[in-house]
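S.K.: First the structure, then my questions, so here it is.
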Protein chains: 2
Amino acid sequence: MTEQHNTKGRRPTLADVAKMAGVSKQTASRVINRSEHVTEETRARVLKCIETLGFRPSALARQLTSGRSYTLGVVSNAAIGYLTTGDAYTGMVRQADHLGYALLIKEMREFSRSSVEIMLNHLIDRQVDGVIWAGPEIGDSHAWLDDYPVNDLPMPLVVINARKRGNIDTVGFDNFQAGKIATRHLLSLHRHHIGHISGPMDRSVAQQRVEGWRAALAEGGQPESGNLCVEGDWEAPTGGPALRRLKEMCPELDAVFVGSDRMALGVLFEARQMGLRVPEDLAVMGIDNDRQSAFFSPPLTTMHQDTPLMAEIALRLLVRRICERRGEPYPESCAVPENPLLVHELLVRQSTLGVMPMP
Amino acid sequence: MTEQHNTKGRRPTLADVAKMAGVSKQTASRVINRSEHVTEETRARVLKCIETLGFRPSALARQLTSGRSYTLGVVSNAAIGYLTTGDAYTGMVRQADHLGYALLIKEMREFSRSSVEIMLNHLIDRQVDGVIWAGPEIGDSHAWLDDYPVNDLPMPLVVINARKRGNIDTVGFDNFQAGKIATRHLLSLHRHHIGHISGPMDRSVAQQRVEGWRAALAEGGQPESGNLCVEGDWEAPTGGPALRRLKEMCPELDAVFVGSDRMALGVLFEARQMGLRVPEDLAVMGIDNDRQSAFFSPPLTTMHQDTPLMAEIALRLLVRRICERRGEPYPESCAVPENPLLVHELLVRQSTLGVMPMP
DNA sequence: CTGAAAGCGCTTACAG
DNA sequence: CTGAAAGCGCTTACAG
């Protein structure tokens, strides 16, 4: 049975155990917390009582007295972070479970200073041991970090998916580098008019990918292509119209680096409508490596992004910080670098290469 | 500032407020909890002290004494439920936020009776107000519900994404009906060899979709097609091989109802390889309405499934149950039906219809 | 090794 | 309308 009840009809408490075992609550507590200083005999007796009473300590009471909740706050923005957030949850939940923490999920829609404070206060009031700030960086959504005394917070905080700032722990991808590598790949195919379809330009991720693309163009001696940029919204429907705009701007367009695989799907769709052969007339590559892009038509060259891994690393870093603050040793698995910047991996498929991969 | 400190250097407590205002803790508490029985004058004085001290009540202490945590436990299986779970989170987080609850996420990998009990005990120990059992039904993962005294749990529980059983609150989709409607659509196109590619057959969702497909075939006078079923794993890579199998089993195959949009993408890919025209030679339809399927090649006919909505409804039902147990009125928005069974919507696109939708 | 006391920060009866 | 006391179920010093 899940619930044992004592004579009073409530859950058994430590006091019940102590009474039954004929010891003090303190000693019973020692047994539960595996303290050394208990006779083997006493321990056995107490354990037996715990067993027969079906006693389990109240996590709440423990949290209140010990100041440790084994709960991590996750602040996200489900409405906007949608896909990436979903993938990130996978990694965080898995790792939290592994390290013995529960995740307390809260959502934010608005990023004013006062909203941020309300959110942090909520988490402080619930005494979470640490916080992962997981909403995507939109406009100045993360500006508060610049002048907020983050180190005065009662718990450590790790930011994911945002630009690095100051000495605030941040875990994310090197989107600048990713944009560069993607564009270099297109350059290596001897394309001379390499356009870009970006995500929303108020997103730091989108900005960094654009910057990487421009840097590679300059490096490759084609800085003039740097104007061939049209803004999308990450989703498939904006891919097609953006492609048409690019074609208008530059009829010789022979390659496009698309800021997300989803928009790239829209581009491939529109290219077909326009009678453009991919990759012969137009090389197309995406970024993110959605799990379906290998089956696009043609299969999409992209940059693989391991979002669950990123989230796992963020969680480990957070646990490391928690332990450090309390002067405890941290689990070996939490020995991650201080400011990990993950890299995407180039995945070449038919949409740029034009030959079938081996079956 | 987030943190105000009293002279002792800790967060101010109710006692600090009471002392400063020259009232009892009880009265201070009344002000915080908006009790009627306080003089306007006293209230003002206490509020002022709260303000200057920067006092905020400890959520933990309140939970311990009031027996209410405004936290909902969500038990999922991120590793397996991946996409659906991600979409469901979106709805749950949004609705929880709206109703003033936080979500405590826990993951399960294994579904033995003892694992289930450990999980429930964890949640009980943390005094969650209610639980959403969100892992997908795999094999006998939900068998424990058949003989578990769910009503003896200290909190209400709502199951999503699983077969309805007994008087346990369940929220989900009518996958049987969805399979039927999908197949009827193919029948209406005068297809005579309608195959099916299912999800993993140990999943109740996959089973129900198969059953719906068979029921429609029987109803349409083509029961013999009921053998044309090949099992996939929900993901794109299994779609192609499954299509080849079906073609071997029945060279006249002229339509296929695919158990997920992702597998359907694999099917479309393979159909191209095989030189089959879609929909002329083979009508293809999926189910789920992934956000990209409108841009497949050709755009995929599918059944729209509003997973976030399902999750929202589950959360509302749970909050309703919580309030009912405590004899409190529940928010108007929580007046959902007792056992909502959501329906998919048929979305006809080119992969079955063969004409371009209006632009 | 073990225990009596105080405390975590609130709320819930019970009085007045 | 207001308050003194007890209690929620533990843990943390402090003694012995």
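Following the order of the structure tokens, chains are lettered A, B, ..., residues in each are numbered from 1, and ligands are numbered from 1.
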Distance table requested - chain C against chain B, cut-off 7 Å, only C-alpha atoms (C1' of nucleotides): one row per qualifying residue with the closest atom pair and its distance in Å to one decimal, ordered by chain and rising residue number, as a Markdown table.
M.R.:
| residue | atom | partner | partner_atom | distance |
| --- | --- | --- | --- | --- |
| C:DG9 | C1' | B:Ala61 | CA | 5.2 |
| C:DC10 | C1' | B:Ala61 | CA | 4.8 |
| C:DT11 | C1' | B:Thr65 | CA | 5.5 |
S.K.: Just want the 12 Å neighbourhood of range 2-6 of chain C, counted on only C-alpha atoms (C1' of nucleotides), with same-chain residues fewer than 5 positions away dropped. Output as a list in words.
M.R.: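 Selected residues are Ala18, Gly22, Val23, Ser24, Lys25, Gln26, Thr27, Ala28, Ser29, Arg30, His37, Val38, Thr39 and Thr42 of chain A; DT11, DT12, DA13, DC14, DA15 and DG16 of chain D.
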S.K.: Next, write the just-selected residues to a file, as a PDB file, in the first residue's frame, keeping C-alpha atoms (C1' of nucleotides) as the atom set.
M.R.:
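File produced: again_1.pdb:
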ATOM      1  CA  ALA A  18      10.470   7.461  17.587  1.00  0.00           C
ATOM      2  CA  GLY A  22      11.391   3.961  22.111  1.00  0.00           C
ATOM      3  CA  VAL A  23      13.986   6.516  21.002  1.00  0.00           C
ATOM      4  CA  SER A  24      14.055  10.249  20.506  1.00  0.00           C
ATOM      5  CA  LYS A  25      13.041  11.908  17.264  1.00  0.00           C
ATOM      6  CA  GLN A  26      16.640  12.952  16.948  1.00  0.00           C
ATOM      7  CA  THR A  27      17.848   9.371  16.877  1.00  0.00           C
ATOM      8  CA  ALA A  28      15.150   8.341  14.470  1.00  0.00           C
ATOM      9  CA  SER A  29      16.231  11.229  12.303  1.00  0.00           C
ATOM     10  CA  ARG A  30      19.813  10.005  12.452  1.00  0.00           C
ATOM     11  CA  HIS A  37      26.571   7.633  15.238  1.00  0.00           C
ATOM     12  CA  VAL A  38      23.927   5.038  15.880  1.00  0.00           C
ATOM     13  CA  THR A  39      24.306   1.568  17.318  1.00  0.00           C
ATOM     14  CA  THR A  42      19.181   0.853  17.561  1.00  0.00           C
TER      15      THR A  42
ATOM     16  C1'  DT D  11      16.608  19.295  11.520  1.00  0.00           C
ATOM     17  C1'  DT D  12      20.139  21.844  13.861  1.00  0.00           C
ATOM     18  C1'  DA D  13      22.996  23.037  17.496  1.00  0.00           C
ATOM     19  C1'  DC D  14      24.017  21.944  22.262  1.00  0.00           C
ATOM     20  C1'  DA D  15      24.558  18.733  26.061  1.00  0.00           C
ATOM     21  C1'  DG D  16      25.587  14.616  28.303  1.00  0.00           C
TER      22       DG D  16
END
S.K.: Within 6 Å of chain A, which residues belong to chain B? Use only C-alpha atoms and report them as number ranges by chain.
M.R.: B: 58-60, 78, 86, 90, 103-105, 125-126
S.K.: Let me see the file: selected residues, C-alpha atoms, as an mmCIF file, in the first residue's frame.
M.R.:
data_model
loop_
_atom_site.group_PDB
_atom_site.id
_atom_site.type_symbol
_atom_site.label_atom_id
_atom_site.label_comp_id
_atom_site.auth_asym_id
_atom_site.auth_seq_id
_atom_site.Cartn_x
_atom_site.Cartn_y
_atom_site.Cartn_z
ATOM 1 C CA SER B 58 7.669 31.511 2.566
ATOM 2 C CA ALA B 59 5.769 29.287 0.198
ATOM 3 C CA LEU B 60 7.288 26.288 1.903
ATOM 4 C CA ALA B 78 10.603 12.210 -22.100
ATOM 5 C CA GLY B 86 6.815 18.330 -25.832
ATOM 6 C CA THR B 90 3.240 23.644 -23.930
ATOM 7 C CA LEU B 103 4.445 22.155 -12.492
ATOM 8 C CA LEU B 104 6.742 19.619 -10.905
ATOM 9 C CA ILE B 105 8.118 17.404 -13.640
ATOM 10 C CA ASP B 125 6.089 13.500 -0.008
ATOM 11 C CA ARG B 126 6.302 16.757 -1.851
#
S.K.: Do you have the CA of Leu318 in chain A-CA of Leu341 in chain A distance handy?
M.R.: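 These two atoms are separated by 15.3 Å.
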S.K.: Extract the full set of alpha helix (DSSP H) residues from range 231-270 of chain A according to DSSP on the backbone, and format it as a ChimeraX atom specification.
M.R.: /A:236-249,261-270
S.K.: Selection from above, C-alpha atoms, as a CSV table (one decimal), in the first residue's frame, can you write it?
M.R.:
chain,number,residue,atom,x,y,z
A,236,ALA,CA,8.0,26.7,-42.9
A,237,PRO,CA,5.4,29.2,-44.3
A,238,THR,CA,7.9,32.1,-44.4
A,239,GLY,CA,10.5,30.1,-46.3
A,240,GLY,CA,8.9,30.3,-49.7
A,241,PRO,CA,8.1,34.0,-49.8
A,242,ALA,CA,11.6,34.7,-48.6
A,243,LEU,CA,13.1,32.7,-51.4
A,244,ARG,CA,11.1,34.7,-53.9
A,245,ARG,CA,12.3,37.9,-52.4
A,246,LEU,CA,15.9,36.7,-52.7
A,247,LYS,CA,15.4,35.7,-56.3
A,248,GLU,CA,14.1,39.2,-57.1
A,249,MET,CA,17.0,40.8,-55.3
A,261,ASP,CA,15.3,23.5,-41.2
A,262,ARG,CA,11.7,24.3,-41.0
A,263,MET,CA,12.0,27.4,-43.2
A,264,ALA,CA,14.3,25.3,-45.5
A,265,LEU,CA,11.4,22.9,-46.0
A,266,GLY,CA,9.3,25.9,-47.2
A,267,VAL,CA,12.2,26.9,-49.5
A,268,LEU,CA,12.4,23.4,-51.0
A,269,PHE,CA,8.7,23.5,-51.6
A,270,GLU,CA,8.8,26.9,-53.3
S.K.: If you run DSSP on the backbone, which residues of range 122-313 of chain A are strand (DSSP E), as a ChimeraX atom specification?
M.R.: /A:130-133,157-160,170-173,194-198,229-231,255-258,283-285,302-304
S.K.: Could you pull the residues within 10 Å of Glu345 in chain A, counting only C-alpha atoms (C1' of nucleotides), minus those fewer than 4 positions along the same chain, as JSON, numbers by chain?
M.R.: {"A": [178, 181, 182, 287, 288, 289, 302, 303, 304, 305, 306]}
